[in-house]
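> To start, I am sharing the structure in question, which I have written as structure tokens.
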Amino acid sequence: MTVRTLHHWDEIGLARPSLRTAAGYRLYTASDLERLHRIVVYREIGVGLDGIRAILDDSTADVSGALRAQRTQVAERIDRLRQLSAGLDRMIDAHERGLLLTVEQQAEILGPKWNPDWPAQARQRYGDTKQWQQYAERSASRDPEEWQAIADAMADLERALGDAMDAGVIPGSPESNRLVERHREVFASYFPLTRQMQVCLGRMFEADPAYAAHYNGIRPGLATWFRQIIDASARAHSINPDTATWQ
């Protein structure tokens, strides 16, 4: 125990020494020390100072009842700490794995063409970025049903993109611009997407073999058309697609 603690307990009348020297130093008798030991015991199990005072000084105090109440509070804190520990485990897993779904769940929700190695590859590539941190924070709190809703929203968007290209929608038109905005909204489920970042994604959708195969599998040429409508929308917002960077 610190001297400061002893002085505080003296000041509030919880553990006053029976004697003092001529110079004012506190002198604790055997009974004083016994009271201090009891205070420490109750303090260690989490009883507040007012509760300790009642237990020690109030002859009518229900000590067993007070201890049972304290046990209930401790049990609640333990449960809360267990929840926090589980939450920390999920957050750690999300930062390290990205997608907290089993391989079977990934196949069921994201389709048979989904490669379960992609999240690990994404972490290796983007793990030190702010966007990966944002993605992991969202991922840690999501269950399979929420991922299914996100996958459905993305699938609906991709169908709409294919239908629009078939219908001859022109890049820069109001309809294509609405699709670009819809893509930003759906993508925000992963992390906030600026227009410049969207331009960078558009380039990747066209240039990366895996992404290009995915979009061109929906409609031949969709990867390039998708990049074109993103670029056109960016120009409408005074962004040069040729110089846009990930920011």
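Just so we're on the same page: first chain in the structure tokens is A, next is B, and so on; residues restart at 1 for each chain, and ligands are numbered from 1 in the order they show up.
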Find the residues around Asp231 in chain A up to 8 Å (only C-alpha atoms counted), leave out those fewer than 6 positions away in its own chain, and share them as a list of chain:residue names.
A:Val199, A:Gly202, A:Asn240, A:Pro241
> Quick one: write out the picked residues with N, CA, C and O atoms as a short mmCIF file (atom, residue, chain, number, x, y, z; two decimals), in the first residue's frame?

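The resulting file, again26.cif, is reproduced below:
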```cif
data_model
loop_
_atom_site.label_atom_id
_atom_site.label_comp_id
_atom_site.auth_asym_id
_atom_site.auth_seq_id
_atom_site.Cartn_x
_atom_site.Cartn_y
_atom_site.Cartn_z
N VAL A 199 -11.55 5.11 -59.83
CA VAL A 199 -10.85 5.09 -61.11
C VAL A 199 -9.75 4.03 -61.09
O VAL A 199 -9.57 3.27 -62.06
N GLY A 202 -11.27 0.73 -61.48
CA GLY A 202 -11.69 0.51 -62.86
C GLY A 202 -10.53 0.03 -63.73
O GLY A 202 -10.69 -0.88 -64.56
N ASN A 240 -9.12 13.74 -63.59
CA ASN A 240 -8.49 13.20 -64.79
C ASN A 240 -8.17 11.73 -64.55
O ASN A 240 -7.30 11.41 -63.72
N PRO A 241 -8.84 10.82 -65.24
CA PRO A 241 -8.59 9.39 -65.00
C PRO A 241 -7.15 8.97 -65.26
O PRO A 241 -6.67 7.99 -64.67
#
```
> For Gln124 in chain A, list every protein, DNA or RNA residue within 10 Å, evaluated using only C-alpha atoms, and leave out those in the same chain fewer than 5 positions away; present the list as a PyMOL selection string.
chain A and resi 96-97+118-119
> Hey, can you spit out that residue selection with all heavy atoms as a PDB file, in the first residue's frame?

```
ATOM      1  N   GLU A  96      -6.026 -10.316 -39.919  1.00  0.00           N
ATOM      2  CA  GLU A  96      -5.085 -11.281 -40.487  1.00  0.00           C
ATOM      3  C   GLU A  96      -5.675 -12.063 -41.659  1.00  0.00           C
ATOM      4  O   GLU A  96      -4.946 -12.456 -42.568  1.00  0.00           O
ATOM      5  CB  GLU A  96      -4.619 -12.255 -39.395  1.00  0.00           C
ATOM      6  CG  GLU A  96      -3.790 -11.571 -38.313  1.00  0.00           C
ATOM      7  CD  GLU A  96      -3.330 -12.533 -37.239  1.00  0.00           C
ATOM      8  OE1 GLU A  96      -3.856 -13.676 -37.184  1.00  0.00           O
ATOM      9  OE2 GLU A  96      -2.463 -12.142 -36.430  1.00  0.00           O
ATOM     10  N   ARG A  97      -7.001 -12.274 -41.642  1.00  0.00           N
ATOM     11  CA  ARG A  97      -7.615 -13.107 -42.675  1.00  0.00           C
ATOM     12  C   ARG A  97      -8.536 -12.328 -43.598  1.00  0.00           C
ATOM     13  O   ARG A  97      -8.792 -12.755 -44.727  1.00  0.00           O
ATOM     14  CB  ARG A  97      -8.414 -14.233 -42.014  1.00  0.00           C
ATOM     15  CG  ARG A  97      -7.583 -15.241 -41.272  1.00  0.00           C
ATOM     16  CD  ARG A  97      -8.475 -16.132 -40.401  1.00  0.00           C
ATOM     17  NE  ARG A  97      -9.647 -16.600 -41.129  1.00  0.00           N
ATOM     18  CZ  ARG A  97     -10.756 -17.010 -40.531  1.00  0.00           C
ATOM     19  NH1 ARG A  97     -10.855 -17.000 -39.225  1.00  0.00           N
ATOM     20  NH2 ARG A  97     -11.775 -17.425 -41.241  1.00  0.00           N
ATOM     21  N   TRP A 118      -8.108 -15.659 -52.253  1.00  0.00           N
ATOM     22  CA  TRP A 118      -8.092 -14.234 -52.580  1.00  0.00           C
ATOM     23  C   TRP A 118      -7.967 -13.330 -51.359  1.00  0.00           C
ATOM     24  O   TRP A 118      -7.228 -12.354 -51.390  1.00  0.00           O
ATOM     25  CB  TRP A 118      -9.320 -13.863 -53.410  1.00  0.00           C
ATOM     26  CG  TRP A 118      -9.217 -14.314 -54.846  1.00  0.00           C
ATOM     27  CD1 TRP A 118      -8.086 -14.678 -55.510  1.00  0.00           C
ATOM     28  CD2 TRP A 118     -10.299 -14.447 -55.780  1.00  0.00           C
ATOM     29  NE1 TRP A 118      -8.383 -15.043 -56.807  1.00  0.00           N
ATOM     30  CE2 TRP A 118      -9.717 -14.909 -57.004  1.00  0.00           C
ATOM     31  CE3 TRP A 118     -11.662 -14.234 -55.718  1.00  0.00           C
ATOM     32  CZ2 TRP A 118     -10.493 -15.144 -58.140  1.00  0.00           C
ATOM     33  CZ3 TRP A 118     -12.436 -14.479 -56.850  1.00  0.00           C
ATOM     34  CH2 TRP A 118     -11.846 -14.919 -58.047  1.00  0.00           C
ATOM     35  N   PRO A 119      -8.693 -13.607 -50.247  1.00  0.00           N
ATOM     36  CA  PRO A 119      -8.529 -12.728 -49.078  1.00  0.00           C
ATOM     37  C   PRO A 119      -7.085 -12.669 -48.577  1.00  0.00           C
ATOM     38  O   PRO A 119      -6.593 -11.591 -48.226  1.00  0.00           O
ATOM     39  CB  PRO A 119      -9.468 -13.355 -48.035  1.00  0.00           C
ATOM     40  CG  PRO A 119     -10.517 -14.042 -48.840  1.00  0.00           C
ATOM     41  CD  PRO A 119      -9.784 -14.586 -50.032  1.00  0.00           C
TER      42      PRO A 119
END
```
> Contacts of Leu6 in chain A at 10 Å or less, counting only C-alpha atoms, minus same-chain residues fewer than 4 places along, as a list in words?
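Here the qualifying residues turn out to be Met1, Thr2, Asp10, Glu11, Leu14, Ala15, Arg16, Pro17, Arg26 and Leu36 of chain A.
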> Smallest atom-to-atom distance to Ile150 in chain A: which of A:Ala188, A:Ile170, A:Ala107, A:Leu49, using only C-alpha atoms?
A:Ala188
> Point out the residue among A:Tyr28, A:Glu181, A:Glu145, A:Leu84 with the least atom-to-atom distance to Leu157 in chain A, counting only C-alpha atoms.
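When distances to Leu157 in chain A are compared using only C-alpha atoms, the smallest one comes from A:Glu181.
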> Just how far from CA of Gln247 in chain A is CA of Trp147 in chain A, in Å to one decimal?
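Going from CA of Trp147 in chain A over to CA of Gln247 in chain A, I get 26.0 Å.
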> Go through range 19-244 of chain A and collect every residue that DSSP, computed from the backbone, puts in strand (DSSP E); the answer should be as JSON, numbers by chain.
{"A": [19, 20, 26, 27]}
> Taking N, CA, C and O atoms for each residue, export the selection above as a CSV table (one decimal), in the first residue's frame.

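Listed below is the output, selection-v8.csv:
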```csv
chain,number,residue,atom,x,y,z
A,19,LEU,N,-3.0,6.7,16.9
A,19,LEU,CA,-2.0,7.6,17.6
A,19,LEU,C,-1.2,8.4,16.6
A,19,LEU,O,-1.2,8.0,15.4
A,20,ARG,N,-0.7,9.4,17.1
A,20,ARG,CA,0.3,10.2,16.3
A,20,ARG,C,1.5,10.6,17.1
A,20,ARG,O,1.3,10.8,18.4
A,26,ARG,N,1.7,9.4,11.7
A,26,ARG,CA,0.7,8.4,12.0
A,26,ARG,C,1.3,7.2,12.6
A,26,ARG,O,2.3,6.6,12.1
A,27,LEU,N,0.6,6.7,13.7
A,27,LEU,CA,1.0,5.4,14.3
A,27,LEU,C,-0.2,4.5,14.3
A,27,LEU,O,-1.2,4.8,14.8
```
> Name all residues at most 9 Å from Pro192 in chain A (count only C-alpha atoms; drop same-chain ones fewer than 5 positions away) and give them as an MDAnalysis selection string.
chainID A and resid 131 134 184:185 187
> Store the residues picked out above in a file with N, CA, C and O atoms, as a JSON list (two decimals), in the first residue's frame.

```
[["chain", "number", "residue", "atom", "x", "y", "z"],
["A", 131, "GLN", "N", -7.37, 1.29, -45.88],
["A", 131, "GLN", "CA", -8.56, 0.63, -46.39],
["A", 131, "GLN", "C", -8.67, -0.80, -45.90],
["A", 131, "GLN", "O", -9.77, -1.28, -45.61],
["A", 134, "GLN", "N", -10.04, -0.63, -42.43],
["A", 134, "GLN", "CA", -11.47, -0.36, -42.44],
["A", 134, "GLN", "C", -12.25, -1.61, -42.83],
["A", 134, "GLN", "O", -13.30, -1.92, -42.24],
["A", 184, "ARG", "N", -20.21, 2.72, -56.09],
["A", 184, "ARG", "CA", -19.56, 3.31, -54.92],
["A", 184, "ARG", "C", -20.34, 3.00, -53.65],
["A", 184, "ARG", "O", -19.75, 2.73, -52.59],
["A", 185, "GLU", "N", -21.66, 3.05, -53.74],
["A", 185, "GLU", "CA", -22.49, 2.78, -52.57],
["A", 185, "GLU", "C", -22.36, 1.33, -52.13],
["A", 185, "GLU", "O", -22.22, 1.04, -50.93],
["A", 187, "PHE", "N", -19.89, -0.74, -52.84],
["A", 187, "PHE", "CA", -18.51, -1.00, -52.45],
["A", 187, "PHE", "C", -18.22, -0.44, -51.06],
["A", 187, "PHE", "O", -17.32, -0.93, -50.37]]
```
> As number ranges by chain, please: the residues near Trp132 in chain A (cut-off 9 Å, only C-alpha atoms, same-chain neighbours under 6 positions excluded).
A: 95, 98, 122-123, 126, 190-191
> Just the selected residues (N, CA and C atoms), exported as a PDB file, in the first residue's frame, please.

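Okay, out10.pdb is ready:
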```pdb
ATOM      1  N   HIS A  95      -8.206  -8.806 -39.191  1.00  0.00           N
ATOM      2  CA  HIS A  95      -7.029  -8.106 -39.714  1.00  0.00           C
ATOM      3  C   HIS A  95      -6.070  -9.080 -40.402  1.00  0.00           C
ATOM      4  N   GLY A  98      -9.055 -11.214 -43.122  1.00  0.00           N
ATOM      5  CA  GLY A  98      -9.959 -10.414 -43.935  1.00  0.00           C
ATOM      6  C   GLY A  98     -11.386 -10.896 -43.884  1.00  0.00           C
ATOM      7  N   ALA A 122      -5.145 -10.561 -50.896  1.00  0.00           N
ATOM      8  CA  ALA A 122      -5.478  -9.148 -50.704  1.00  0.00           C
ATOM      9  C   ALA A 122      -4.772  -8.584 -49.483  1.00  0.00           C
ATOM     10  N   ARG A 123      -4.689  -9.379 -48.415  1.00  0.00           N
ATOM     11  CA  ARG A 123      -3.993  -8.896 -47.217  1.00  0.00           C
ATOM     12  C   ARG A 123      -2.512  -8.695 -47.502  1.00  0.00           C
ATOM     13  N   TYR A 126      -2.508  -5.454 -49.620  1.00  0.00           N
ATOM     14  CA  TYR A 126      -3.058  -4.205 -49.069  1.00  0.00           C
ATOM     15  C   TYR A 126      -3.052  -4.146 -47.546  1.00  0.00           C
ATOM     16  N   TYR A 190     -17.331  -2.443 -47.989  1.00  0.00           N
ATOM     17  CA  TYR A 190     -15.974  -2.876 -47.681  1.00  0.00           C
ATOM     18  C   TYR A 190     -15.181  -1.745 -47.033  1.00  0.00           C
ATOM     19  N   PHE A 191     -15.159  -0.586 -47.682  1.00  0.00           N
ATOM     20  CA  PHE A 191     -14.541   0.616 -47.123  1.00  0.00           C
ATOM     21  C   PHE A 191     -14.963   1.800 -47.985  1.00  0.00           C
TER      22      PHE A 191
END
```
> Which residue out of A:Ala223, A:Trp246, A:Pro144, A:Lys130 has the minimum interatomic distance to Glu104 in chain A when only C-alpha atoms are used?
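Of all the options, A:Pro144 lies closest to Glu104 in chain A.
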> Which is closest to Val40 in chain A among A:Thr5, A:Arg68, A:Asp58, A:Ser18, if we use only C-alpha atoms?
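Closest candidate: A:Thr5.
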> From the DSSP assignment of the backbone, select every residue of range 46-141 of chain A that is helix (DSSP H, G or I), and format the answer as a ChimeraX atom specification.
/A:49-57,63-97,103-110,118-126,130-140
> Please produce a file of those selected residues containing C-alpha atoms, as a PDB file, in the first residue's frame.

```pdb
ATOM      1  CA  LEU A  49     -14.988   2.284  -0.191  1.00  0.00           C
ATOM      2  CA  ASP A  50     -18.504   3.243   0.915  1.00  0.00           C
ATOM      3  CA  GLY A  51     -19.491  -0.414   0.890  1.00  0.00           C
ATOM      4  CA  ILE A  52     -16.428  -1.326   2.925  1.00  0.00           C
ATOM      5  CA  ARG A  53     -17.251   1.369   5.464  1.00  0.00           C
ATOM      6  CA  ALA A  54     -20.765  -0.041   5.846  1.00  0.00           C
ATOM      7  CA  ILE A  55     -19.479  -3.607   6.278  1.00  0.00           C
ATOM      8  CA  LEU A  56     -16.932  -2.590   8.905  1.00  0.00           C
ATOM      9  CA  ASP A  57     -18.870   0.053  10.813  1.00  0.00           C
ATOM     10  CA  VAL A  63     -22.527  -8.530   4.879  1.00  0.00           C
ATOM     11  CA  SER A  64     -23.542 -11.730   3.088  1.00  0.00           C
ATOM     12  CA  GLY A  65     -26.034  -9.798   0.991  1.00  0.00           C
ATOM     13  CA  ALA A  66     -23.425  -7.194   0.107  1.00  0.00           C
ATOM     14  CA  LEU A  67     -20.955  -9.891  -0.889  1.00  0.00           C
ATOM     15  CA  ARG A  68     -23.546 -11.672  -3.011  1.00  0.00           C
ATOM     16  CA  ALA A  69     -24.314  -8.400  -4.786  1.00  0.00           C
ATOM     17  CA  GLN A  70     -20.603  -7.907  -5.356  1.00  0.00           C
ATOM     18  CA  ARG A  71     -20.326 -11.449  -6.717  1.00  0.00           C
ATOM     19  CA  THR A  72     -23.133 -10.693  -9.184  1.00  0.00           C
ATOM     20  CA  GLN A  73     -21.317  -7.577 -10.365  1.00  0.00           C
ATOM     21  CA  VAL A  74     -18.067  -9.517 -10.720  1.00  0.00           C
ATOM     22  CA  ALA A  75     -19.842 -12.205 -12.740  1.00  0.00           C
ATOM     23  CA  GLU A  76     -21.267  -9.532 -15.019  1.00  0.00           C
ATOM     24  CA  ARG A  77     -17.813  -8.009 -15.485  1.00  0.00           C
ATOM     25  CA  ILE A  78     -16.345 -11.434 -16.234  1.00  0.00           C
ATOM     26  CA  ASP A  79     -19.028 -12.023 -18.856  1.00  0.00           C
ATOM     27  CA  ARG A  80     -18.330  -8.634 -20.368  1.00  0.00           C
ATOM     28  CA  LEU A  81     -14.584  -9.311 -20.400  1.00  0.00           C
ATOM     29  CA  ARG A  82     -15.219 -12.643 -22.123  1.00  0.00           C
ATOM     30  CA  GLN A  83     -17.246 -10.825 -24.755  1.00  0.00           C
ATOM     31  CA  LEU A  84     -14.450  -8.289 -25.179  1.00  0.00           C
ATOM     32  CA  SER A  85     -11.927 -11.113 -25.499  1.00  0.00           C
ATOM     33  CA  ALA A  86     -14.043 -12.792 -28.167  1.00  0.00           C
ATOM     34  CA  GLY A  87     -14.373  -9.458 -29.945  1.00  0.00           C
ATOM     35  CA  LEU A  88     -10.612  -8.970 -29.854  1.00  0.00           C
ATOM     36  CA  ASP A  89     -10.103 -12.466 -31.263  1.00  0.00           C
ATOM     37  CA  ARG A  90     -12.477 -11.681 -34.136  1.00  0.00           C
ATOM     38  CA  MET A  91     -10.784  -8.342 -34.804  1.00  0.00           C
ATOM     39  CA  ILE A  92      -7.360 -10.000 -34.864  1.00  0.00           C
ATOM     40  CA  ASP A  93      -8.657 -12.709 -37.204  1.00  0.00           C
ATOM     41  CA  ALA A  94     -10.266 -10.084 -39.439  1.00  0.00           C
ATOM     42  CA  HIS A  95      -7.029  -8.106 -39.714  1.00  0.00           C
ATOM     43  CA  GLU A  96      -5.085 -11.281 -40.487  1.00  0.00           C
ATOM     44  CA  ARG A  97      -7.615 -13.107 -42.675  1.00  0.00           C
ATOM     45  CA  VAL A 103     -14.340 -22.084 -47.134  1.00  0.00           C
ATOM     46  CA  GLU A 104     -17.769 -23.716 -47.380  1.00  0.00           C
ATOM     47  CA  GLN A 105     -19.546 -20.482 -46.453  1.00  0.00           C
ATOM     48  CA  GLN A 106     -17.477 -18.542 -48.983  1.00  0.00           C
ATOM     49  CA  ALA A 107     -18.452 -20.949 -51.748  1.00  0.00           C
ATOM     50  CA  GLU A 108     -22.118 -20.827 -50.762  1.00  0.00           C
ATOM     51  CA  ILE A 109     -22.314 -17.040 -50.432  1.00  0.00           C
ATOM     52  CA  LEU A 110     -19.820 -15.838 -53.035  1.00  0.00           C
ATOM     53  CA  TRP A 118      -8.092 -14.234 -52.580  1.00  0.00           C
ATOM     54  CA  PRO A 119      -8.529 -12.728 -49.078  1.00  0.00           C
ATOM     55  CA  ALA A 120      -4.993 -13.825 -48.105  1.00  0.00           C
ATOM     56  CA  GLN A 121      -3.638 -12.416 -51.353  1.00  0.00           C
ATOM     57  CA  ALA A 122      -5.478  -9.148 -50.704  1.00  0.00           C
ATOM     58  CA  ARG A 123      -3.993  -8.896 -47.217  1.00  0.00           C
ATOM     59  CA  GLN A 124      -0.518  -9.501 -48.574  1.00  0.00           C
ATOM     60  CA  ARG A 125      -1.053  -6.728 -51.097  1.00  0.00           C
ATOM     61  CA  TYR A 126      -3.058  -4.205 -49.069  1.00  0.00           C
ATOM     62  CA  LYS A 130      -5.989   2.268 -44.137  1.00  0.00           C
ATOM     63  CA  GLN A 131      -8.565   0.635 -46.389  1.00  0.00           C
ATOM     64  CA  TRP A 132      -7.604  -2.861 -45.250  1.00  0.00           C
ATOM     65  CA  GLN A 133      -8.013  -1.744 -41.648  1.00  0.00           C
ATOM     66  CA  GLN A 134     -11.474  -0.363 -42.444  1.00  0.00           C
ATOM     67  CA  TYR A 135     -12.381  -3.560 -44.268  1.00  0.00           C
ATOM     68  CA  ALA A 136     -11.201  -5.688 -41.334  1.00  0.00           C
ATOM     69  CA  GLU A 137     -13.178  -3.599 -38.825  1.00  0.00           C
ATOM     70  CA  ARG A 138     -16.349  -4.142 -40.858  1.00  0.00           C
ATOM     71  CA  SER A 139     -15.589  -7.798 -41.426  1.00  0.00           C
ATOM     72  CA  ALA A 140     -15.139  -8.481 -37.707  1.00  0.00           C
TER      73      ALA A 140
END
```
> So which residues touch Asn177 in chain A within 9 Å, counting only C-alpha atoms, skipping near sequence neighbours fewer than 5 positions away, as a PyMOL selection string?
chain A and resi 171-172+182+229-230+232-233
> Which neighbours of Ala212 in chain A fall inside 12 Å, counting only C-alpha atoms, when residues of the same chain fewer than 4 positions from it are skipped, and could you give them as a ChimeraX atom specification?
/A:201-208,216-227
> Give the answer as one residue: which of A:Ser141, A:Ser189, A:Thr129, A:Gln228 has the shortest atom-to-atom distance to Val169 in chain A, using only C-alpha atoms?
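Nearest to Val169 in chain A: A:Gln228.
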> Counting only C-alpha atoms, figure out which residue out of A:Asp242, A:Tyr215, A:Ala164, A:Glu146 gets nearest to Arg178 in chain A.
A:Ala164
